[in-house]
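Just below is one structure, and these are the notes that go with it.
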Amino acid sequence: MSIGTRSGIGTRVRAVGLAALRGFGLALVTLPGAVLGFVLSVVSLALVPLGIGLVTTPWVLTGVRAFADWRRVLAAQWGGVRIPSAYRPAPPDANPWSRTFGMLRDPATWRDLRWLPVDMTAGFVTALLPAVLVLYPLEGLVIAAGLWRPFQDMGGYWYGFVHVTDQTSALLAGALGIALLPLAALAPRLLTFHFRLTRTVLGAGQGELAERVRVLTETRRDAVDTSAAELRRIERDLHDGAQARLVAMGMDLGTIEMLLDKDPAQAKRLLAQARQSSVDALAELRDLVRGIHPPVLAERGLGDAVRALALRLPVPAEVTVELQGRADAPVESAAYFAVSEVLTNAVKHADADRIWVDLHQAEGKLRITVTDNGRGGAAVTAGSGLAGVERRLGTFDGVLAVSSPAGGPTMVTMEIPCV
C-alpha cells in the first residue's frame, strides 16, 4: 500500500471519528437544550395574559435565539451549511409590552419555536446516528472478544438479531459488527444531513426575499447611522482636541512675537509651551486617524492589526492567525473594530486574566473567536457593546454567537463572508 493511499485512509478515518465525536456531543446538548427552550417558551407565552410573560418572554426568546445562533455557527463550521440569521432588532428603549410583541411579530421567532420540537426529535436522532454507526460495529467486535461473558447468567446478550449465549454466537456478533463497519463511513454525511435538516426548518421559508430585503434595509440604516455617528465623533474630537490645541498654539505664537524683544525669558517659556502643544496635537491627530482606520490594518492586514490590539491590552492575550491572504478592506475594517469592541468588553466587564483570539478563514468566510476566562454572563442585549458588534457584522451578512455561562468562560464567535 502506497504512502498516499495510507494517508488518504487515515484522513477518512479521522473524518469519521471526528463526525462521530461531534455528533455525540451535539446530541447531548440538542435534546436538553431544545426541550428546555421549548418548555420555557410555551410557559412564558401562556403567562403573557397574566402580565408575567411580558417580562419573561423577551428573556426566554433571547435565550432561544442564542441557542439557534450557536447552532448556525456549528452548522457553518462543522458542516459547511450556512443558515442566515434574520432577527428584527428591538428598540433599545422599548418597554416590556413593545419588546414582547415586537419579538412575537418577528417571523424568525416562530421559525425558532417550530424548529425546537424538530430539533429534540429528528435533530437528536440525526445528530446521534454518526456516533451510533461508528460505535455499534465496534460493540460487536468487543462482544466477540468476551464482553458477552458478564451477561451469561442473565440469559445472554442481544446484539442486533444475534442472541449471544456462548463464544460461537459471540463470534457471529463480531462478524455482524464487521459487516456493519463500512456504514461508519456515512458518519460525516449524516452529520451534514443533520445541519441541512436544521437549515430546512430554521432557515427562512416563504417570504424569504421579502425578509431579506427587510434585513438589508435595516442593516443599511444601521450602517448609515453608524457612519453619521462616526463623523460626529470625528468632528467633536477635532473641535475639542487638536483644533483647540492648535488655536492655543497660534495665540501663544502671537504673544511670543510681542514678547520677543521685551521679555526674551517669557518668550522662551511660551515657545516651550507651544512646542508641547504641537506634540500633543500631533498625538491626538494620530489617535484620531488610528480610530478611523489603523495604519497597521491598511499596511499589514487583519492578523497583525489584531496582534497589535492584543499587545495594548492590560491582560495577557494569545492570538492565533490562519488567514489565506487578505479580505476586502471593508470586511477587514469591520472585523477589526468588532474584535476591538469584544476585547474592550472582556477587559472592562469580564474580570478575566487571560484572553485567546483565533482568526480563521475557510470556505470564503472569516471566522473569529474571542475567548476569556472571566466570570461570564455576557449577553447580546439592547444597548450593549455586543449588540453594536452584531449590528456592525449584520451590515456584511455576518453572524455573532455568544456562549457565556455564569462563572465563565465566555466565547464570542463571529463569522463574516470575506466578499
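All residue names refer to the C-alpha cells as shown: chains lettered A, B, ... in order, residues numbered from 1 in each chain, ligands numbered from 1 in order.
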
Write out as a compact mmCIF listing (two decimals) with all heavy atoms, in the first residue's frame each polymer residue whose atoms come within 7 Å of region 318-335 of chain A, counting only C-alpha atoms; drop sequence neighbours fewer than 5 positions from it.
```txt
# COMPACT_ATOMS: atom_id res chain seq x y z
N GLY A 301 -2.43 44.14 7.33
CA GLY A 301 -3.55 43.21 7.33
C GLY A 301 -4.16 42.97 8.70
O GLY A 301 -3.67 43.47 9.73
N LEU A 302 -5.22 42.19 8.70
CA LEU A 302 -6.03 41.99 9.91
C LEU A 302 -5.26 41.25 10.99
O LEU A 302 -5.37 41.59 12.18
CB LEU A 302 -7.30 41.21 9.54
CG LEU A 302 -8.28 40.94 10.68
CD1 LEU A 302 -8.80 42.24 11.27
CD2 LEU A 302 -9.44 40.08 10.18
N GLY A 303 -4.49 40.24 10.62
CA GLY A 303 -3.79 39.45 11.63
C GLY A 303 -2.85 40.29 12.46
O GLY A 303 -2.89 40.27 13.70
N ARG A 307 -3.02 41.49 16.43
CA ARG A 307 -1.88 41.28 17.33
C ARG A 307 -1.48 42.58 18.02
O ARG A 307 -1.16 42.60 19.21
CB ARG A 307 -0.70 40.71 16.55
CG ARG A 307 -0.87 39.26 16.10
CD ARG A 307 0.44 38.69 15.58
NE ARG A 307 0.29 37.32 15.12
CZ ARG A 307 0.17 36.97 13.85
NH1 ARG A 307 0.16 37.91 12.90
NH2 ARG A 307 0.04 35.71 13.50
N ILE A 355 -6.89 36.04 27.71
CA ILE A 355 -7.79 36.11 26.56
C ILE A 355 -7.12 35.39 25.39
O ILE A 355 -5.91 35.47 25.20
CB ILE A 355 -8.08 37.58 26.18
CG1 ILE A 355 -8.76 38.31 27.34
CG2 ILE A 355 -8.96 37.66 24.93
CD1 ILE A 355 -8.97 39.79 27.09
N TRP A 356 -7.96 34.66 24.64
CA TRP A 356 -7.48 33.98 23.43
C TRP A 356 -8.28 34.48 22.23
O TRP A 356 -9.52 34.58 22.28
CB TRP A 356 -7.67 32.47 23.55
CG TRP A 356 -6.86 31.84 24.63
CD1 TRP A 356 -5.64 31.25 24.54
CD2 TRP A 356 -7.24 31.71 26.03
NE1 TRP A 356 -5.23 30.77 25.75
CE2 TRP A 356 -6.19 31.05 26.68
CE3 TRP A 356 -8.36 32.12 26.75
CZ2 TRP A 356 -6.23 30.76 28.05
CZ3 TRP A 356 -8.41 31.85 28.12
CH2 TRP A 356 -7.36 31.18 28.75
N VAL A 357 -7.58 34.80 21.15
CA VAL A 357 -8.22 35.26 19.92
C VAL A 357 -7.77 34.33 18.79
O VAL A 357 -6.57 34.09 18.61
CB VAL A 357 -7.83 36.71 19.57
CG1 VAL A 357 -8.59 37.18 18.33
CG2 VAL A 357 -8.12 37.64 20.75
N ASP A 358 -8.75 33.81 18.05
CA ASP A 358 -8.45 32.90 16.94
C ASP A 358 -9.08 33.46 15.67
O ASP A 358 -10.29 33.71 15.63
CB ASP A 358 -8.99 31.50 17.22
CG ASP A 358 -8.72 30.54 16.07
OD1 ASP A 358 -7.56 30.13 15.92
OD2 ASP A 358 -9.66 30.23 15.33
N LEU A 359 -8.28 33.69 14.64
CA LEU A 359 -8.76 34.16 13.34
C LEU A 359 -8.52 33.04 12.33
O LEU A 359 -7.38 32.58 12.16
CB LEU A 359 -8.03 35.43 12.90
CG LEU A 359 -8.33 36.72 13.66
CD1 LEU A 359 -7.43 36.83 14.90
CD2 LEU A 359 -8.10 37.94 12.77
N HIS A 360 -9.60 32.63 11.68
CA HIS A 360 -9.52 31.50 10.75
C HIS A 360 -10.35 31.83 9.51
O HIS A 360 -11.44 32.39 9.61
CB HIS A 360 -10.05 30.23 11.41
CG HIS A 360 -10.02 29.03 10.52
ND1 HIS A 360 -8.86 28.40 10.16
CD2 HIS A 360 -11.02 28.35 9.91
CE1 HIS A 360 -9.14 27.38 9.38
NE2 HIS A 360 -10.45 27.33 9.20
N GLN A 361 -9.82 31.49 8.36
CA GLN A 361 -10.51 31.76 7.10
C GLN A 361 -10.67 30.45 6.35
O GLN A 361 -9.70 29.72 6.12
CB GLN A 361 -9.72 32.76 6.26
CG GLN A 361 -10.41 33.16 4.97
CD GLN A 361 -9.62 34.21 4.20
OE1 GLN A 361 -8.74 34.85 4.75
NE2 GLN A 361 -9.93 34.37 2.93
N ARG A 392 -22.93 45.81 13.49
CA ARG A 392 -21.82 46.06 12.56
C ARG A 392 -21.61 44.87 11.64
O ARG A 392 -21.42 45.03 10.42
CB ARG A 392 -20.54 46.34 13.36
CG ARG A 392 -19.33 46.67 12.48
CD ARG A 392 -18.08 46.78 13.32
NE ARG A 392 -18.09 47.91 14.22
CZ ARG A 392 -17.69 49.13 13.89
NH1 ARG A 392 -17.23 49.36 12.67
NH2 ARG A 392 -17.73 50.11 14.77
N LEU A 393 -21.66 43.65 12.19
CA LEU A 393 -21.48 42.46 11.37
C LEU A 393 -22.67 42.23 10.45
O LEU A 393 -22.51 41.71 9.34
CB LEU A 393 -21.28 41.23 12.27
CG LEU A 393 -20.06 41.24 13.19
CD1 LEU A 393 -19.99 39.95 13.98
CD2 LEU A 393 -18.78 41.45 12.41
N CYS A 418 -16.18 36.80 3.35
CA CYS A 418 -14.97 37.57 3.00
C CYS A 418 -15.20 38.53 1.85
O CYS A 418 -14.39 39.41 1.61
CB CYS A 418 -13.82 36.61 2.67
SG CYS A 418 -13.22 35.72 4.11
N VAL A 419 -16.27 38.34 1.08
CA VAL A 419 -16.52 39.20 -0.07
C VAL A 419 -17.81 39.94 0.18
O VAL A 419 -18.82 39.32 0.50
CB VAL A 419 -16.63 38.37 -1.36
CG1 VAL A 419 -16.91 39.29 -2.54
CG2 VAL A 419 -15.33 37.61 -1.61
```

Shell of 8 Å around Tyr87 (chain A), only C-alpha atoms, local chain residues under 6 positions omitted, as a PyMOL selection string
chain A and resi 106+108-109

Using only C-alpha atoms, pick whichever of A:Leu186, A:Pro314, A:Val412, A:Leu270 has the shortest atom-to-atom distance to Val339 (chain A).
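Using only C-alpha atoms, Val339 (chain A) sits closest to A:Val412.
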
In Å, rounded to a single decimal, give me how far CA of Thr371 (chain A) is from CA of Ala350 (chain A).
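About the pair CA of Ala350 (chain A) and CA of Thr371 (chain A): they are 10.6 Å apart.
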
Atom-to-atom span, CA of Phe38 (chain A) and CA of Phe24 (chain A), Å:
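Going from CA of Phe38 (chain A) over to CA of Phe24 (chain A) covers 21.4 Å.
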
Quick one: pull the distance between CA of Ile256 (chain A) and CA of Val279 (chain A), Å, one decimal.
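Atom-to-atom, CA of Ile256 (chain A) and CA of Val279 (chain A) are spaced 18.1 Å apart.
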
Env of Gly63 (chain A): 12 Å cut, atoms = only C-alpha atoms, seq-sep filter 3 positions within chain, self excluded. Answer as a PyMOL selection string.
chain A and resi 33-34+36-38+40-41+56-60+66-70+109+112-113+378-381+401-405

Just want the 12 Å neighbourhood of Ala76 (chain A), counted on only C-alpha atoms, with same-chain residues fewer than 2 positions away dropped. Output as number ranges by chain.
A: 69-74, 78-84, 191-192, 195-196, 198-199, 361-367, 398-399, 413-417

Which of these, A:Ala15, A:Trp97, A:Phe337, A:Ala187, has the shortest distance to Gly51 (chain A) once you count only C-alpha atoms?
A:Trp97

From A:Leu61, A:Ala267, A:Ala387, A:Val16, residue lying nearest Leu183 (chain A) [only C-alpha atoms]
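For Leu183 (chain A), the nearest of the given residues is A:Val16.
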